[in-house]
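Next comes my_file-v9.cif, with mmCIF, C-alpha atoms and all ligand atoms.
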data_run
#
loop_
_atom_site.label_atom_id
_atom_site.label_comp_id
_atom_site.auth_asym_id
_atom_site.auth_seq_id
_atom_site.Cartn_x
_atom_site.Cartn_y
_atom_site.Cartn_z
CA MET A 221 145.80 81.04 -92.88
CA ASP A 222 147.05 81.02 -96.42
CA LYS A 223 149.53 83.37 -97.94
CA TYR A 224 149.37 84.21 -101.59
CA TRP A 225 151.82 83.62 -104.38
CA ASN A 226 150.49 86.78 -106.01
CA PRO A 227 148.72 88.94 -103.40
CA VAL A 228 147.39 91.33 -106.05
CA LEU A 229 145.93 88.90 -108.55
CA GLU A 230 144.69 86.28 -106.10
CA THR A 231 142.58 88.77 -104.15
CA LEU A 232 141.44 91.00 -107.01
CA PRO A 233 137.79 92.09 -106.61
CA ARG A 234 135.55 90.12 -108.99
CA GLU A 235 134.67 93.04 -111.19
CA GLN A 236 138.31 93.88 -111.83
CA LEU A 237 139.11 90.23 -112.34
CA GLN A 238 136.43 89.99 -115.02
CA GLN A 239 137.76 93.11 -116.74
CA LEU A 240 141.19 91.53 -116.76
CA GLN A 241 139.75 88.31 -118.19
CA LEU A 242 138.00 90.18 -120.98
CA ILE A 243 141.17 92.04 -121.98
CA LYS A 244 143.20 88.82 -121.89
CA PHE A 245 140.56 86.95 -123.88
CA GLN A 246 140.53 89.65 -126.56
CA LYS A 247 144.30 89.49 -126.73
CA ILE A 248 144.57 85.71 -127.21
CA LEU A 249 141.67 85.73 -129.69
CA LYS A 250 143.38 88.37 -131.83
CA TRP A 251 146.70 86.54 -131.54
CA SER A 252 145.15 83.24 -132.64
CA TYR A 253 143.29 84.86 -135.53
CA GLU A 254 146.40 86.61 -136.79
CA ASN A 255 148.94 83.82 -136.28
CA SER A 256 147.24 80.44 -136.55
CA PRO A 257 145.81 79.21 -139.88
CA PHE A 258 143.55 76.82 -137.91
CA TYR A 259 141.92 79.53 -135.81
CA ARG A 260 141.75 82.03 -138.67
CA SER A 261 139.73 79.67 -140.87
CA LEU A 262 137.57 78.56 -137.90
CA TYR A 263 136.62 82.18 -137.16
CA LYS A 264 136.28 83.25 -140.80
CA ASP A 265 133.86 80.38 -141.42
CA ALA A 266 131.82 81.57 -138.45
CA GLY A 267 131.85 85.16 -139.70
CA LEU A 268 133.68 86.32 -136.62
CA GLU A 269 136.29 89.08 -136.35
CA PRO A 270 138.28 89.44 -133.11
CA GLY A 271 136.96 93.00 -132.71
CA ASP A 272 133.40 91.62 -132.40
CA ILE A 273 134.04 90.50 -128.83
CA LYS A 274 133.32 93.53 -126.64
CA THR A 275 131.91 91.98 -123.46
CA LEU A 276 132.26 88.71 -121.52
CA ASP A 277 128.82 87.70 -122.81
CA ASP A 278 130.01 88.05 -126.42
CA ILE A 279 132.54 85.30 -125.79
CA ARG A 280 129.88 82.65 -126.28
CA ARG A 281 129.79 83.63 -129.97
CA VAL A 282 133.34 82.35 -130.43
CA PRO A 283 133.30 78.79 -131.88
CA LYS A 284 134.44 76.07 -129.52
CA THR A 285 137.30 73.70 -130.19
CA GLU A 286 137.76 70.09 -129.12
CA LYS A 287 140.37 67.40 -129.14
CA SER A 288 139.39 65.83 -132.48
CA MET A 289 139.92 69.24 -134.15
CA LEU A 290 143.37 69.53 -132.57
CA ARG A 291 144.28 66.10 -133.92
CA GLU A 292 143.10 66.98 -137.40
CA ALA A 293 144.96 70.30 -137.40
CA GLN A 294 148.07 68.47 -136.27
CA GLY A 295 148.19 66.55 -139.57
CA LYS A 296 148.83 69.79 -141.46
CA GLU A 297 151.99 71.90 -141.88
CA PRO A 298 154.33 72.70 -140.17
CA PHE A 299 155.42 69.26 -138.98
CA PRO A 300 154.79 67.99 -136.33
CA TYR A 301 152.50 70.58 -134.72
CA GLY A 302 150.27 71.53 -137.64
CA SER A 303 148.14 74.58 -138.28
CA ILE A 304 147.49 75.66 -134.68
CA LEU A 305 151.14 76.60 -134.24
CA SER A 306 151.16 80.38 -133.87
CA VAL A 307 154.86 81.19 -133.65
CA PRO A 308 157.76 80.53 -136.06
CA ILE A 309 158.84 76.96 -135.30
CA GLU A 310 162.36 78.17 -134.45
CA GLN A 311 160.91 79.71 -131.29
CA VAL A 312 159.70 76.36 -129.94
CA THR A 313 161.89 75.16 -127.06
CA GLU A 314 159.76 72.40 -125.49
CA TYR A 315 158.13 69.33 -126.99
CA ARG A 316 155.59 67.37 -124.96
CA GLN A 317 152.55 65.29 -125.86
CA THR A 318 149.27 64.23 -124.32
CA SER A 319 149.20 60.81 -122.71
CA GLY A 320 146.99 59.43 -125.47
CA THR A 321 144.48 57.84 -123.08
CA THR A 322 141.68 58.88 -125.44
CA GLY A 323 143.42 58.16 -128.75
CA GLN A 324 146.28 59.49 -130.88
CA PRO A 325 148.44 61.85 -128.74
CA VAL A 326 148.36 65.59 -129.39
CA TYR A 327 151.82 67.14 -129.77
CA HIS A 328 152.36 70.21 -127.70
CA PRO A 329 154.94 72.93 -128.42
CA GLU A 330 155.93 75.72 -126.03
CA THR A 331 158.23 78.67 -126.43
CA TRP A 332 160.53 79.55 -123.56
CA GLN A 333 158.10 82.32 -122.61
CA ASP A 334 155.19 79.82 -122.55
CA TRP A 335 157.26 77.45 -120.46
CA GLU A 336 157.94 80.17 -117.90
CA TRP A 337 154.20 80.84 -117.90
CA SER A 338 153.62 77.13 -117.11
CA ALA A 339 156.01 77.20 -114.15
CA GLU A 340 154.43 80.44 -112.91
CA SER A 341 150.91 79.00 -113.08
CA TRP A 342 151.99 75.91 -111.09
CA ALA A 343 153.65 78.13 -108.51
CA TYR A 344 150.18 79.41 -107.54
CA ALA A 345 149.14 75.86 -106.70
CA LEU A 346 152.25 74.88 -104.80
CA TYR A 347 152.31 78.07 -102.77
CA ALA A 348 148.63 77.55 -101.90
CA HIS A 349 149.52 74.00 -100.78
CA GLY A 350 152.04 75.52 -98.38
CA TYR A 351 155.29 74.93 -100.31
CA ARG A 352 157.97 77.36 -99.13
CA ASP A 353 161.70 77.85 -99.60
CA TYR A 354 162.52 75.57 -96.65
CA ASP A 355 160.81 72.56 -98.28
CA ARG A 356 162.68 69.66 -99.81
CA VAL A 357 160.39 68.37 -102.56
CA PHE A 358 160.68 64.85 -103.88
CA MET A 359 159.53 64.18 -107.47
CA PRO A 360 158.84 60.44 -107.93
CA PHE A 361 158.23 61.07 -111.60
CA GLY A 362 159.72 59.59 -114.77
CA TYR A 363 160.48 62.91 -116.55
CA SER A 364 158.95 61.46 -119.67
CA ILE A 365 157.63 62.71 -122.99
CA ASN A 366 154.34 63.60 -121.26
CA ILE A 367 154.07 66.96 -119.56
CA ALA A 368 152.82 65.59 -116.20
CA PHE A 369 154.94 67.06 -113.39
CA TRP A 370 157.59 68.78 -115.51
CA ALA A 371 156.29 72.31 -114.96
CA ALA A 372 155.67 71.55 -111.28
CA HIS A 373 159.37 70.78 -110.90
CA TYR A 374 160.27 74.23 -112.25
CA ALA A 375 157.55 75.87 -110.14
CA ALA A 376 158.90 74.35 -106.93
CA GLU A 377 162.36 75.71 -107.83
CA LYS A 378 160.82 79.08 -108.59
CA ILE A 379 159.31 79.19 -105.09
CA GLY A 380 162.75 78.39 -103.73
CA CYS A 381 162.21 74.79 -102.68
CA GLU A 382 165.01 72.26 -102.97
CA VAL A 383 163.86 69.81 -105.64
CA VAL A 384 164.96 66.16 -105.73
CA PRO A 385 164.39 64.52 -109.15
CA GLY A 386 163.54 60.90 -108.30
CA GLY A 387 163.39 60.00 -111.99
CA VAL A 388 164.65 56.52 -112.86
CA LEU A 389 164.66 55.10 -109.33
CA ASP A 390 162.18 52.32 -108.65
CA THR A 391 159.44 52.77 -106.07
CA ALA A 392 161.33 51.23 -103.15
CA ALA A 393 164.47 53.28 -103.92
CA ARG A 394 162.37 56.44 -104.10
CA ILE A 395 160.88 55.76 -100.69
CA LEU A 396 164.30 55.12 -99.16
CA LYS A 397 165.67 58.32 -100.71
CA MET A 398 162.75 60.34 -99.32
CA LYS A 399 163.45 58.83 -95.92
CA GLU A 400 167.18 59.48 -96.08
CA LEU A 401 166.75 63.09 -97.18
CA LYS A 402 163.78 63.79 -94.88
CA ALA A 403 161.83 65.14 -97.85
CA THR A 404 158.89 67.30 -96.75
CA ALA A 405 156.72 67.34 -99.86
CA LEU A 406 155.80 65.05 -102.71
CA MET A 407 153.87 65.16 -105.99
CA ALA A 408 152.26 62.23 -107.83
CA THR A 409 149.01 60.77 -109.10
CA PRO A 410 146.67 59.45 -106.37
CA THR A 411 147.15 55.93 -107.77
CA TYR A 412 150.90 56.20 -107.24
CA ILE A 413 150.58 57.80 -103.79
CA LEU A 414 148.50 54.81 -102.64
CA GLY A 415 150.82 52.37 -104.44
CA MET A 416 153.93 53.84 -102.82
CA ALA A 417 152.44 53.48 -99.34
CA ASP A 418 151.71 49.84 -100.14
CA VAL A 419 155.30 49.19 -101.26
CA ALA A 420 156.66 51.01 -98.18
CA LYS A 421 154.67 48.71 -95.90
CA LYS A 422 155.00 45.41 -97.74
CA LYS A 423 158.53 45.56 -99.15
CA LEU A 424 160.32 47.82 -96.72
CA GLY A 425 158.33 47.41 -93.51
CA LEU A 426 157.98 51.18 -93.28
CA ASP A 427 154.95 53.18 -92.23
CA PRO A 428 155.02 56.39 -94.29
CA ALA A 429 153.07 58.32 -91.63
CA ARG A 430 155.57 57.36 -88.94
CA ASP A 431 158.87 56.77 -90.71
CA LEU A 432 158.88 59.49 -93.37
CA ASN A 433 158.75 63.25 -93.03
CA ILE A 434 156.27 64.15 -95.79
CA LYS A 435 153.97 67.00 -94.68
CA LYS A 436 152.17 67.82 -97.91
CA ILE A 437 151.33 65.94 -101.07
CA THR A 438 150.18 67.46 -104.35
CA CYS A 439 148.04 65.14 -106.44
CA ALA A 440 147.41 65.62 -110.14
CA GLY A 441 146.74 63.61 -113.28
CA GLU A 442 143.55 61.83 -112.27
CA PRO A 443 140.69 62.14 -109.75
CA GLY A 444 141.43 61.13 -106.16
CA ALA A 445 142.45 64.12 -104.09
CA ASN A 446 138.98 65.54 -104.81
CA ILE A 447 137.20 62.36 -103.70
CA PRO A 448 136.81 62.69 -99.91
CA ALA A 449 137.24 58.99 -99.10
CA THR A 450 140.37 58.66 -101.26
CA LYS A 451 141.85 61.88 -99.90
CA LYS A 452 141.27 60.64 -96.34
CA ARG A 453 143.00 57.32 -97.09
CA MET A 454 146.02 59.08 -98.53
CA GLU A 455 146.24 61.60 -95.68
CA GLU A 456 146.07 58.86 -93.05
CA MET A 457 148.60 56.64 -94.80
CA TRP A 458 151.14 59.42 -95.17
CA GLY A 459 150.34 61.56 -92.11
CA ALA A 460 150.29 64.48 -94.54
CA LYS A 461 147.89 66.98 -96.07
CA VAL A 462 146.82 66.06 -99.59
CA TYR A 463 145.91 68.75 -102.11
CA ASP A 464 144.30 68.55 -105.50
CA GLU A 465 145.66 70.18 -108.67
CA VAL A 466 144.26 70.01 -112.18
CA GLY A 467 145.60 70.66 -115.63
CA ALA A 468 145.95 69.18 -119.07
CA THR A 469 148.65 69.36 -121.72
CA GLU A 470 146.54 71.39 -124.19
CA ILE A 471 145.24 73.72 -121.47
CA GLY A 472 147.99 74.09 -118.90
CA HIS A 473 147.59 74.08 -115.14
CA TRP A 474 144.22 75.67 -114.36
CA GLY A 475 142.97 74.84 -110.86
CA TYR A 476 144.19 74.20 -107.34
CA GLU A 477 143.03 73.59 -103.83
CA CYS A 478 144.10 75.92 -101.04
CA GLN A 479 144.77 74.97 -97.42
CA SER A 480 141.07 75.49 -96.58
CA GLN A 481 140.39 72.40 -98.76
CA ALA A 482 136.99 73.86 -99.62
CA GLY A 483 137.00 73.05 -103.34
CA LEU A 484 139.13 73.84 -106.34
CA HIS A 485 140.11 77.45 -107.07
CA VAL A 486 140.10 78.23 -110.79
CA LEU A 487 143.30 80.08 -111.71
CA GLU A 488 141.20 82.89 -113.15
CA ALA A 489 144.02 85.31 -113.86
CA PHE A 490 145.37 82.73 -116.33
CA HIS A 491 142.18 81.14 -117.68
CA LEU A 492 138.54 81.74 -118.42
CA VAL A 493 136.40 78.80 -117.34
CA GLU A 494 132.83 78.46 -118.61
CA ILE A 495 130.43 75.66 -117.73
CA GLU A 496 127.91 74.40 -120.29
CA ASP A 497 124.94 72.12 -119.87
CA ILE A 498 125.92 68.77 -121.42
CA GLU A 499 122.63 68.30 -123.22
CA THR A 500 121.49 71.82 -124.16
CA GLY A 501 124.81 73.71 -124.26
CA ALA A 502 123.26 76.49 -122.13
CA SER A 503 125.67 78.45 -119.98
CA ILE A 504 125.71 77.52 -116.27
CA THR A 505 126.79 80.40 -114.05
CA GLU A 506 125.08 79.42 -110.78
CA PRO A 507 126.13 76.74 -108.27
CA GLY A 508 124.30 73.43 -108.00
CA LYS A 509 124.33 72.20 -111.59
CA ARG A 510 126.99 70.12 -113.26
CA GLY A 511 128.16 70.71 -116.80
CA SER A 512 131.08 70.39 -119.19
CA MET A 513 134.02 72.78 -118.97
CA VAL A 514 134.86 75.15 -121.84
CA ILE A 515 138.20 76.78 -121.14
CA THR A 516 140.40 79.50 -122.62
CA THR A 517 144.04 79.83 -121.69
CA PHE A 518 145.49 83.35 -121.65
CA ASP A 519 149.09 84.34 -122.38
CA ARG A 520 150.29 81.04 -123.78
CA PHE A 521 151.03 81.75 -127.41
CA ALA A 522 152.69 78.90 -129.32
CA HIS A 523 149.65 76.60 -129.31
CA PRO A 524 146.65 78.69 -128.21
CA CYS A 525 143.73 77.09 -126.41
CA VAL A 526 140.59 79.14 -127.04
CA ARG A 527 137.16 77.94 -125.88
CA PHE A 528 138.31 74.35 -125.67
CA ASP A 529 135.61 71.85 -124.70
CA SER A 530 137.64 69.76 -122.29
CA LYS A 531 134.79 67.33 -121.40
CA ASP A 532 135.64 67.74 -117.71
CA ILE A 533 132.50 67.67 -115.59
CA ILE A 534 132.52 70.49 -113.06
CA GLU A 535 130.14 72.55 -110.94
CA TRP A 536 130.43 76.01 -109.33
CA SER A 537 130.65 75.98 -105.55
CA PRO A 538 128.03 77.76 -103.45
CA ILE A 539 130.90 79.20 -101.37
CA GLU A 540 131.19 82.79 -102.52
CA ARG A 541 134.24 83.74 -100.57
CA CYS A 542 136.81 81.16 -99.56
CA GLU A 543 138.22 81.44 -96.04
CA CYS A 544 141.69 81.79 -97.53
CA GLY A 545 140.73 85.16 -99.00
CA ARG A 546 141.35 84.25 -102.63
CA THR A 547 138.74 85.70 -104.93
CA PHE A 548 139.30 83.12 -107.69
CA ARG A 549 136.05 81.19 -107.98
CA LEU A 550 135.71 77.74 -106.42
CA LEU A 551 134.49 74.54 -108.02
CA LYS A 552 132.66 72.10 -105.78
CA GLY A 553 134.55 68.80 -105.53
CA GLY A 554 137.04 69.64 -108.30
CA VAL A 555 136.68 67.72 -111.56
CA VAL A 556 133.96 65.21 -110.76
CA GLY A 557 134.29 63.21 -113.96
CA ARG A 558 134.71 63.36 -117.69
CA ALA A 559 131.85 63.57 -120.15
CA ASP A 560 133.44 60.59 -121.97
CA ASP A 561 133.39 58.49 -118.78
CA ILE A 562 129.86 59.19 -117.73
CA THR A 563 127.76 56.45 -119.23
CA LYS A 564 124.17 55.42 -119.06
CA VAL A 565 123.83 52.09 -117.33
CA LYS A 566 120.33 50.63 -116.92
CA GLY A 567 119.06 54.09 -117.86
CA VAL A 568 120.92 55.78 -115.00
CA LEU A 569 123.84 58.21 -115.49
CA LEU A 570 126.85 56.69 -113.77
CA ALA A 571 130.12 58.48 -112.94
CA PRO A 572 132.96 56.08 -112.03
CA THR A 573 134.12 58.50 -109.30
CA ALA A 574 130.90 57.78 -107.37
CA ILE A 575 131.85 54.08 -107.15
CA GLU A 576 135.35 55.00 -105.97
CA GLU A 577 133.90 57.18 -103.21
CA VAL A 578 131.87 54.20 -101.94
CA VAL A 579 134.68 51.61 -102.14
CA ARG A 580 137.27 53.80 -100.44
CA ASN A 581 134.85 54.75 -97.69
CA ILE A 582 134.69 51.15 -96.51
CA PRO A 583 137.81 50.53 -94.43
CA GLU A 584 137.53 46.72 -94.73
CA LEU A 585 138.18 47.00 -98.49
CA GLY A 586 141.56 47.45 -100.20
CA ASP A 587 142.43 50.48 -102.35
CA GLU A 588 142.02 48.74 -105.70
CA TYR A 589 138.79 47.98 -107.45
CA GLU A 590 137.59 47.35 -110.99
CA VAL A 591 134.28 48.05 -112.71
CA VAL A 592 133.22 46.15 -115.83
CA VAL A 593 129.99 46.95 -117.66
CA THR A 594 128.64 44.27 -120.01
CA LYS A 595 125.35 43.46 -121.67
CA LYS A 596 123.59 40.21 -120.81
CA GLY A 597 120.82 39.88 -123.37
CA ASP A 598 119.13 43.25 -123.30
CA ILE A 599 120.15 44.04 -119.77
CA ASP A 600 123.21 45.96 -118.63
CA ASP A 601 125.27 44.26 -115.99
CA ILE A 602 127.84 45.97 -113.81
CA THR A 603 130.45 43.85 -112.13
CA LEU A 604 132.35 45.47 -109.31
CA LYS A 605 135.51 43.67 -108.20
CA VAL A 606 136.91 44.63 -104.82
CA GLU A 607 139.61 43.35 -102.53
CA ILE A 608 138.88 42.44 -98.96
CA SER A 609 141.53 43.04 -96.31
CA PRO A 610 142.77 39.76 -94.75
CA ALA A 611 141.65 40.81 -91.25
CA PHE A 612 138.00 40.99 -92.35
CA LYS A 613 137.85 37.94 -94.60
CA HIS A 614 135.88 35.93 -92.06
CA ASP A 615 133.21 38.62 -92.02
CA ALA A 616 132.74 39.07 -95.76
CA SER A 617 128.95 39.02 -95.61
CA THR A 618 128.78 42.09 -93.34
CA VAL A 619 131.15 43.94 -95.65
CA GLU A 620 129.08 42.89 -98.64
CA GLU A 621 125.90 44.18 -97.03
CA LYS A 622 127.52 47.54 -96.34
CA LEU A 623 128.83 47.77 -99.90
CA VAL A 624 125.46 46.89 -101.51
CA GLN A 625 123.65 49.45 -99.38
CA GLN A 626 126.15 52.27 -100.03
CA LEU A 627 126.26 51.59 -103.77
CA ARG A 628 122.48 51.72 -104.02
CA LEU A 629 122.40 54.96 -102.02
CA LYS A 630 125.19 56.74 -103.94
CA THR A 631 124.66 55.45 -107.48
CA GLY A 632 121.11 54.08 -107.53
CA LEU A 633 122.27 50.83 -109.12
CA ARG A 634 122.69 47.13 -108.37
CA TYR A 635 126.01 45.39 -109.00
CA SER A 636 127.32 41.86 -109.37
CA LEU A 637 129.99 41.83 -106.68
CA GLU A 638 133.23 39.88 -106.77
CA PHE A 639 135.45 39.65 -103.71
CA HIS A 640 139.13 39.07 -104.42
CA ASP A 641 142.06 38.41 -102.14
CA TYR A 642 143.98 41.45 -101.04
CA GLY A 643 146.69 42.36 -103.56
CA THR A 644 145.32 40.36 -106.52
CA LEU A 645 143.59 43.05 -108.63
CA PRO A 646 145.79 44.89 -111.16
CA ARG A 647 148.04 47.64 -109.78
CA TYR A 648 148.85 50.73 -111.81
CA ASP A 649 151.99 52.84 -111.72
CA VAL A 650 150.67 56.20 -112.79
CA LYS A 651 147.15 56.47 -114.12
CA ALA A 652 144.69 53.71 -113.42
CA LYS A 653 142.20 52.10 -115.80
CA ARG A 654 139.62 50.84 -113.37
CA PHE A 655 136.47 51.34 -115.44
CA ARG A 656 135.75 49.24 -118.53
CA ASP A 657 132.61 49.42 -120.63
CA LEU A 658 132.48 46.30 -122.80
CA ARG A 659 129.01 46.91 -124.25
CA ALA A 660 128.96 47.11 -128.05
CA LYS A 661 128.64 50.73 -129.13
CA GLU A 662 125.44 51.37 -131.04
ZN ZN A 701 140.75 79.13 -100.74
#
Show me the file's structure as structure tokens.
Amino acid sequence: MDKYWNPVLETLPREQLQQLQLIKFQKILKWSYENSPFYRSLYKDAGLEPGDIKTLDDIRRVPKTEKSMLREAQGKEPFPYGSILSVPIEQVTEYRQTSGTTGQPVYHPETWQDWEWSAESWAYALYAHGYRDYDRVFMPFGYSINIAFWAAHYAAEKIGCEVVPGGVLDTAARILKMKELKATALMATPTYILGMADVAKKKLGLDPARDLNIKKITCAGEPGANIPATKKRMEEMWGAKVYDEVGATEIGHWGYECQSQAGLHVLEAFHLVEIEDIETGASITEPGKRGSMVITTFDRFAHPCVRFDSKDIIEWSPIERCECGRTFRLLKGGVVGRADDITKVKGVLLAPTAIEEVVRNIPELGDEYEVVVTKKGDIDDITLKVEISPAFKHDASTVEEKLVQQLRLKTGLRYSLEFHDYGTLPRYDVKAKRFRDLRAKE
């Protein structure tokens, strides 16, 4: 079974883990209060002093933060990070920014100490995915202004892997390099993992499962590795194990799957994760109920993240003790959606990931799909565009029947279906935009 990157922390009894979390929370709260003008005024306005937090329950008294507040604080001094910055700017060694998928990017500074923290936190994930010093890891990643896989690169080195930076190569050249070097591991978004397999087959006549030597794939950046049907597709295409990892620029890397693939372990020695009911804000501590994540990052000091409402929809797993032996709590199915993405269509709450699960579970359909929600008169209409594999084109009506039935079962909704030729829907390089809501906002 699994080995641990940190045998002490990863198997700490819950009670001790919670004590550790309380101490670390108190420390980052005090740090933020004393060093960040943003946090100091937030807490002063709420009548809160860091010393008021004496138990884990008290933490709910600490005001939450969210992305719009980070953006606003960023407009203040010192340029360009604004009033959250909690170290003298001379200490900043890394600039990155959020991808800006939900608006103006947030600029993210790290000190060298924070950066080492980032690599360390990623090392937990990679070690749990089975990365060892004998691995040759290929990074098909653009080393851009976004944080993406930067810290993962350093983490793989930290574990002792040999890391190949496949930066400016195009997709075909990356595949050929992986083949030549017999690379054993790979990290990318699920969209790119599927796209690469497509290029390998179509352009190079290669079957990744047969002709390449990849044994494990770490997926991050968007849902996919946590959606069973998508994970299965990727694992079959590559003949490799696929593992999920989650993080965000403002938060850092905070969750990872282990080789048991039983859910997502929260990196609890580095973060405190709370789940809140989306409508009432009540705390959810038991399994079986989805809510929005509120997260605090410990020990990262330049740009603290304290009780940040990330809008990720998550749910505690009923599994109390993972087979791997880690005591870090599990989330069921990883991040199942984002509060921003979950929309009411025809009065029903719809998560785009549910549609993906259906489409990718039907082998006769291609990997790509597109969902467009519009309003026709007073009625919502959802158009689902899918691609049908050439071999099944003659039998489209059977495929359609299967699709209609599965969609009704999994999402409770009816769709206008459009069948497209294989390879004609838009392809994405990194993160996909497959869900569009064109209804006028009220
Ligand atoms: Zn586990």
Can you tell me which residues sit at most 12 Å away from ligand ZN 701 (chain A), counting only C-alpha atoms and all ligand atoms, written as a PyMOL selection string?
-> chain A and resi 221-224+230-231+344-345+347-349+463+475-487+537+539-552
Quick one: everything within 12 Å of Lys247 in chain A, counting only C-alpha atoms, minus sequence neighbours fewer than 2 positions away in the same chain. Send it as an MDAnalysis selection string.
-> chainID A and resid 240:245 249:254 270:271 273:274 516:521 524 526
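Relative to CA of Leu629 in chain A, CA of Asp600 in chain A is found at 18.9 Å.
The residue that comes closest to Ser609 in chain A, out of A:Gln239, A:Ser341, A:Asn226, A:Thr644 and on the basis of all atoms listed in the file, is A:Thr644.
You will find CA of Gly441 in chain A at 7.0 Å from CA of Ala368 in chain A.
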Which polymer residues have any atom within 12 Å of an atom of range 304-306 of chain A, counting all atoms listed in the file, with same-chain residues fewer than 6 positions away left out, as a VMD selection string?
-> chain A and resid 248 to 262 285 289 to 298 312 326 to 331 470 520 to 526
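Straight-line separation from CA of Gly425 in chain A to CA of Ala392 in chain A: 10.8 Å.
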Selection: 6 Å around Leu406 in chain A, all atoms listed in the file, excl. self and same-chain fewer than 3 positions, as JSON, numbers by chain | {"A": [357, 358, 437]}
Please provide the set of residues having any atom within 10 Å of Asp272 in chain A, restricted to only C-alpha atoms, with same-chain residues fewer than 4 positions apart removed, written as a PDB file with C-alpha atoms, in the frame of the given file.
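Saved to around-v9.pdb:
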ATOM      1  CA  GLN A 246     140.530  89.650-126.560  1.00  0.00           C
ATOM      2  CA  GLY A 267     131.850  85.160-139.700  1.00  0.00           C
ATOM      3  CA  LEU A 268     133.680  86.320-136.620  1.00  0.00           C
ATOM      4  CA  ASP A 278     130.010  88.050-126.420  1.00  0.00           C
ATOM      5  CA  ILE A 279     132.540  85.300-125.790  1.00  0.00           C
ATOM      6  CA  ARG A 281     129.790  83.630-129.970  1.00  0.00           C
ATOM      7  CA  VAL A 282     133.340  82.350-130.430  1.00  0.00           C
TER       8      VAL A 282
END
Ile562 in chain A environment, 8 Å, only C-alpha atoms, sequence neighbours closer than 5 positions dropped, as an MDAnalysis selection string | chainID A and resid 557 569:572
The selected residues should be written to file as a compact mmCIF listing (two decimals), in the frame of the given file (atoms: C-alpha atoms).
# COMPACT_ATOMS: atom_id res chain seq x y z
CA GLY A 557 134.29 63.21 -113.96
CA LEU A 569 123.84 58.21 -115.49
CA LEU A 570 126.85 56.69 -113.77
CA ALA A 571 130.12 58.48 -112.94
CA PRO A 572 132.96 56.08 -112.03
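With distances restricted to all atoms listed in the file, A:Val578 is the closest residue to Gln625 in chain A from A:Ala440, A:Val384, A:Val578, A:Leu645.
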Of A:Val591, A:Met416, A:Leu346, A:Val388, the one sitting nearest Lys653 in chain A when using only C-alpha atoms is A:Val591
